[in-house]
Amino acid sequence: MVNCPKTPPHNINTLVESLLYLKLKTNKCDMTDSSIFIRYNMECLIPPNCSSLTENNGVIEEFNTFTTVFFVQFALVRLIKELLIPLITPVLLTVICCHLWEVYNDCQRDSKSNLPLPPGGYGFPVFGETLGFLIQGKAFFDKRREKFGTLYKTHLLGKPTIRVIGVQNVKRILAGENDLVTAQWPTSTKLLLGDGSLTGSGGNIHNLRKKALFKAFSNTALEEYTKVVQSITKDCIEHWCTKRNILAHQESKSLTFEIACRVLLGIKMNKVEKTELLGHFDTFLSNLFSLPMQIPGLGLYKGLKARTVLLNKIGECIQKKEKHGSCDAFQDALSLLMDMSGTGRLSVTEIKDVGLELLFAGHETTASATVTIILQLTKNKDVVSKIEEELKSFGLSQSNYGDLNLEILNKMKYLSNVVKEAIRITPPIGGGYRKVLKTFEIDGYQIPEGWTVAYSIRDTHELGNELVLNPDKFEPDRWDSLQRRDNEHFLAFGGGRRGCAGKQFALLILKIFALEIVRSCQWTISNINPRMKILPVPHPADDLPATFTRKD
């Protein structure tokens, strides 16, 4: 039993002193002291000879108030110490790190320029906004365009980046090649496409490689490709009609992959070989834009393994051509590159890299555009009717008409307008990357030397301009009234010194495809407004289930 002083405390100060003395004496610092406090209260506050409790009511209430406040404060201290601090500390550290990351990147601006950086943000330390970009896709850019406008800073794929939207500003970047900017793609893209690719080269080397590719896409070469492209396309569409229910996106990829392999590389494959090689190519493509970390299990590591398989296949093809020549009646693009001589001649390694790049440019992007054509023709039956009228005027309305030729295709203006409008409304290539060689100004903001500038074709087309009204509507007729050159309002194939070398080949494939599906079959799509993914190129998330049947 606790020893009580002979005279009980009559005020709160004396009581507090007694409690503190007792606590120090017992040398206890936790909640077990509560029993001592209570016993002290009962035995010492009220003396045994007290005849009535009413005399000490004031003291009792004062003591109870004190003990309540004491224990509440004690509980709060324990709560903060054991629960809140472990939760709050990581949040505070994250905020501090993000702020320091922001300051660090802002310090990379050109201090010689008085212009500010564009608005925007850099995301999380090291990763920047890359994870948000990879997860959200198009929505990532839509949100930032809505918040910051057509010019903003970000941090993507390991580099501080300025994103540029709008015809005039994009044209300025494209025209500034080797002066204001030079080619720069994300590390993952450069590693997967290779040093020998057209995309990864610059200056005189780029010019020499592009010159070699122009030979592979000359009018003479395109004329030879036309018959082969038509034959593969007709066989593929016939297969769709026989199969009836298909996934249009997957089947379009299979179609354009076969065309690219046959026409560009001269590779003939059976169904099993094509399926296997296409699987490796899909892995390669899906990791073109990934974190620059070669760690097993991550995207870049898987992409590089797929690249090795594809290069081995192209290498086998080169060896066969060196021994036996082309196995077709026409010269494929790879054979034309191998026949180059003089200063423009490419090494075997360069030819393999360019061949892989041709597969990318001639397959996935074209497949994306064919899906857009299917979708837009489904939504716009009046456009289908106009194509049928043009086909009839050229005597091409029957699917059993003989071989097409380049001259007839180039004369079909409305068909050309349909293809261009499909590429305008959903550009297969969303934009490009450049490294800034020297600081320059756009709209009152500095674009710092050493930074990456990412120009957006897709966003620019979506915004439209004074020449392209109602940019969200599919209107092929708009091209009849546009008098200026395409590069004033049409950026799907880039521009400047790095304009797409295979532009005419891509248009050839798409014209033949649109012509053949309109005159030979009918189709329905269960979901005409599918959710779209944008990486590596725009495509429906559901792969676009469709039903194809032959025309009666």
# chains A, B, ... in the order shown; residues from 1 in each chain; ligands from 1

call {"tool": "residues_around", "arguments": {"residues": "Thr283 in chain A", "least_positions_apart": "2", "cutoff": "12 Å", "atoms": "only C-alpha atoms", "output": "CSV table (one decimal) with C-alpha atoms, in the first residue's frame"}}
result
chain,number,residue,atom,x,y,z
A,192,LEU,CA,17.0,-2.0,-80.7
A,276,GLU,CA,7.2,-17.7,-85.1
A,277,LEU,CA,9.1,-14.8,-86.7
A,278,LEU,CA,6.2,-12.5,-86.2
A,279,GLY,CA,6.1,-13.4,-82.5
A,280,HIS,CA,9.8,-12.3,-82.1
A,281,PHE,CA,9.0,-9.1,-84.1
A,285,LEU,CA,8.3,-3.7,-81.3
A,286,SER,CA,6.6,-3.7,-78.0
A,287,ASN,CA,9.8,-2.7,-76.2
A,288,LEU,CA,11.1,0.0,-78.5
A,289,PHE,CA,10.1,2.6,-75.9
A,290,SER,CA,11.1,1.1,-72.6
A,298,LEU,CA,12.5,-6.0,-68.3
A,299,GLY,CA,11.5,-4.8,-71.7
A,300,LEU,CA,14.8,-3.7,-73.2
A,301,TYR,CA,16.4,-7.1,-72.3
A,302,LYS,CA,13.6,-9.0,-74.0
A,303,GLY,CA,13.7,-6.6,-77.0
A,304,LEU,CA,17.4,-7.1,-77.5
A,305,LYS,CA,17.0,-10.9,-77.5
A,306,ALA,CA,14.3,-10.7,-80.1
A,307,ARG,CA,16.5,-8.3,-82.1
A,308,THR,CA,19.2,-11.0,-82.2
A,309,VAL,CA,16.8,-13.6,-83.6
A,310,LEU,CA,15.6,-11.1,-86.3
A,360,PHE,CA,9.5,-1.8,-88.6
A,536,PRO,CA,4.4,1.3,-80.3

call {"tool": "residues_around", "arguments": {"residues": "Ala367 in chain A", "least_positions_apart": "5", "cutoff": "7 Å", "atoms": "only C-alpha atoms", "output": "PDB file with N, CA and C atoms, in the first residue's frame"}}
result
ATOM      1  N   SER A 252      -4.220  -7.799 -89.922  1.00  0.00           N
ATOM      2  CA  SER A 252      -3.554  -6.731 -90.684  1.00  0.00           C
ATOM      3  C   SER A 252      -2.045  -6.780 -90.457  1.00  0.00           C
ATOM      4  N   LYS A 253      -1.642  -7.068 -89.230  1.00  0.00           N
ATOM      5  CA  LYS A 253      -0.215  -7.210 -88.936  1.00  0.00           C
ATOM      6  C   LYS A 253       0.383  -8.381 -89.712  1.00  0.00           C
ATOM      7  N   THR A 256       0.689  -7.182 -93.494  1.00  0.00           N
ATOM      8  CA  THR A 256       1.778  -6.243 -93.782  1.00  0.00           C
ATOM      9  C   THR A 256       3.148  -6.851 -93.464  1.00  0.00           C
TER      10      THR A 256
END

call {"tool": "closest_atom_pairs", "arguments": {"of": "range 161-190 of chain A", "to": "range 110-131 of chain A", "cutoff": "12 Å", "atoms": "only C-alpha atoms", "output": "CSV"}}
result
residue,atom,partner,partner_atom,distance
A:Thr161,CA,A:Tyr122,CA,8.9
A:Ile162,CA,A:Pro118,CA,7.7
A:Arg163,CA,A:Pro118,CA,9.4
A:Val164,CA,A:Pro118,CA,10.2
A:Pro186,CA,A:Thr130,CA,11.3

call {"tool": "closest_residue", "arguments": {"among": "A:Glu388, A:Ile246, A:Thr366, A:Asn400", "to": "Phe493 in chain A", "atoms": "only C-alpha atoms"}}
result
A:Thr366

call {"tool": "residues_around", "arguments": {"residues": "Lys227 in chain A", "least_positions_apart": "2", "cutoff": "8 Å", "atoms": "only C-alpha atoms", "output": "ChimeraX atom specification"}}
result
/A:223-225,229-231,403-405

call {"tool": "residues_around", "arguments": {"residues": "range 372-383 of chain A", "least_positions_apart": "4", "cutoff": "7 Å", "atoms": "only C-alpha atoms", "output": "mmCIF file with C-alpha atoms, in the first residue's frame"}}
result
data_model
loop_
_atom_site.group_PDB
_atom_site.id
_atom_site.type_symbol
_atom_site.label_atom_id
_atom_site.label_comp_id
_atom_site.auth_asym_id
_atom_site.auth_seq_id
_atom_site.Cartn_x
_atom_site.Cartn_y
_atom_site.Cartn_z
ATOM 1 C CA SER A 368 -1.903 0.546 -87.974
ATOM 2 C CA ILE A 387 -14.701 4.696 -103.782
ATOM 3 C CA ALA A 422 -6.902 7.983 -92.670
ATOM 4 C CA THR A 426 -4.661 8.597 -86.855
ATOM 5 C CA ILE A 528 -16.631 0.758 -83.957
#

call {"tool": "residues_around", "arguments": {"residues": "range 352-357 of chain A", "least_positions_apart": "6", "cutoff": "12 Å", "atoms": "only C-alpha atoms", "output": "ChimeraX atom specification"}}
result
/A:189-201,206,209-210,212-213,216,257,260-267,281,284-285,288,306-319,332-338,346,363-365,500-502

call {"tool": "atom_distance", "arguments": {"atom1": "CA of Glu462 in chain A", "atom2": "CA of Leu535 in chain A"}}
result
17.4 Å

call {"tool": "closest_residue", "arguments": {"among": "A:Lys392, A:Lys268, A:Lys171, A:Lys211", "to": "Leu515 in chain A", "atoms": "only C-alpha atoms"}}
result
A:Lys392

call {"tool": "atom_distance", "arguments": {"atom1": "CA of Pro538 in chain A", "atom2": "CA of Ala369 in chain A"}}
result
8.6 Å

call {"tool": "residues_around", "arguments": {"residues": "Gly430 in chain A", "least_positions_apart": "3", "cutoff": "7 Å", "atoms": "only C-alpha atoms", "output": "list in words"}}
result
Pro427, Ser456, Ile457 and Arg458 of chain A

call {"tool": "write_last_selection", "arguments": {"atoms": "C-alpha atoms", "output": "PDB file, in the first residue's frame"}}
result
ATOM      1  CA  PRO A 427      -0.964   9.040 -87.697  1.00  0.00           C
ATOM      2  CA  SER A 456       4.093  15.570 -81.706  1.00  0.00           C
ATOM      3  CA  ILE A 457       2.512  14.731 -85.053  1.00  0.00           C
ATOM      4  CA  ARG A 458      -0.565  13.153 -83.470  1.00  0.00           C
TER       5      ARG A 458
END

call {"tool": "residues_around", "arguments": {"residues": "Gly149 in chain A", "least_positions_apart": "2", "cutoff": "12 Å", "atoms": "only C-alpha atoms", "output": "number ranges by chain"}}
result
A: 118-120, 141-147, 151-153, 163-166, 443, 459-460, 463

call {"tool": "write_last_selection", "arguments": {"atoms": "N, CA and C atoms", "output": "JSON list (two decimals), in the first residue's frame"}}
result
[["chain", "number", "residue", "atom", "x", "y", "z"],
["A", 118, "PRO", "N", 9.59, 26.30, -70.44],
["A", 118, "PRO", "CA", 8.14, 26.14, -70.56],
["A", 118, "PRO", "C", 7.55, 25.59, -69.26],
["A", 119, "PRO", "N", 6.23, 25.70, -69.06],
["A", 119, "PRO", "CA", 5.61, 25.10, -67.88],
["A", 119, "PRO", "C", 5.69, 23.58, -67.96],
["A", 120, "GLY", "N", 5.38, 22.92, -66.84],
["A", 120, "GLY", "CA", 5.39, 21.46, -66.82],
["A", 120, "GLY", "C", 6.01, 20.93, -65.55],
["A", 141, "PHE", "N", -0.46, 12.29, -72.43],
["A", 141, "PHE", "CA", -0.20, 13.51, -73.20],
["A", 141, "PHE", "C", -1.44, 14.41, -73.27],
["A", 142, "ASP", "N", -2.61, 13.79, -73.33],
["A", 142, "ASP", "CA", -3.84, 14.59, -73.38],
["A", 142, "ASP", "C", -3.99, 15.45, -72.13],
["A", 143, "LYS", "N", -3.70, 14.87, -70.96],
["A", 143, "LYS", "CA", -3.83, 15.61, -69.70],
["A", 143, "LYS", "C", -2.84, 16.76, -69.63],
["A", 144, "ARG", "N", -1.63, 16.52, -70.08],
["A", 144, "ARG", "CA", -0.62, 17.58, -70.01],
["A", 144, "ARG", "C", -0.87, 18.67, -71.05],
["A", 145, "ARG", "N", -1.36, 18.27, -72.20],
["A", 145, "ARG", "CA", -1.70, 19.30, -73.20],
["A", 145, "ARG", "C", -2.84, 20.18, -72.69],
["A", 146, "GLU", "N", -3.81, 19.57, -72.02],
["A", 146, "GLU", "CA", -4.92, 20.34, -71.46],
["A", 146, "GLU", "C", -4.45, 21.26, -70.34],
["A", 147, "LYS", "N", -3.48, 20.81, -69.57],
["A", 147, "LYS", "CA", -3.01, 21.58, -68.41],
["A", 147, "LYS", "C", -1.99, 22.66, -68.79],
["A", 151, "LEU", "N", 3.13, 23.59, -75.50],
["A", 151, "LEU", "CA", 4.58, 23.56, -75.25],
["A", 151, "LEU", "C", 4.81, 23.36, -73.76],
["A", 152, "TYR", "N", 5.45, 22.25, -73.40],
["A", 152, "TYR", "CA", 5.67, 22.00, -71.97],
["A", 152, "TYR", "C", 6.90, 21.12, -71.77],
["A", 153, "LYS", "N", 7.43, 21.19, -70.54],
["A", 153, "LYS", "CA", 8.60, 20.39, -70.18],
["A", 153, "LYS", "C", 8.15, 19.12, -69.46],
["A", 163, "ARG", "N", 8.21, 19.08, -75.00],
["A", 163, "ARG", "CA", 7.27, 18.55, -75.99],
["A", 163, "ARG", "C", 6.65, 19.72, -76.76],
["A", 164, "VAL", "N", 6.66, 19.60, -78.08],
["A", 164, "VAL", "CA", 6.23, 20.69, -78.97],
["A", 164, "VAL", "C", 5.06, 20.21, -79.83],
["A", 165, "ILE", "N", 4.02, 21.04, -79.88],
["A", 165, "ILE", "CA", 2.80, 20.74, -80.65],
["A", 165, "ILE", "C", 2.46, 21.96, -81.51],
["A", 166, "GLY", "N", 1.93, 21.72, -82.72],
["A", 166, "GLY", "CA", 1.54, 22.81, -83.59],
["A", 166, "GLY", "C", 2.33, 22.81, -84.89],
["A", 443, "ASP", "N", 7.79, 30.47, -78.84],
["A", 443, "ASP", "CA", 6.67, 31.09, -78.11],
["A", 443, "ASP", "C", 7.10, 31.75, -76.79],
["A", 459, "ASP", "N", -0.75, 14.97, -81.86],
["A", 459, "ASP", "CA", -1.43, 16.10, -81.22],
["A", 459, "ASP", "C", -1.63, 17.25, -82.19],
["A", 460, "THR", "N", -0.65, 17.47, -83.05],
["A", 460, "THR", "CA", -0.77, 18.55, -84.04],
["A", 460, "THR", "C", -1.92, 18.29, -85.00],
["A", 463, "LEU", "N", -5.30, 18.89, -83.24],
["A", 463, "LEU", "CA", -5.66, 20.29, -83.02],
["A", 463, "LEU", "C", -6.14, 20.97, -84.30]]

call {"tool": "atom_distance", "arguments": {"atom1": "CA of Ile447 in chain A", "atom2": "CA of Gly464 in chain A"}}
result
23.7 Å
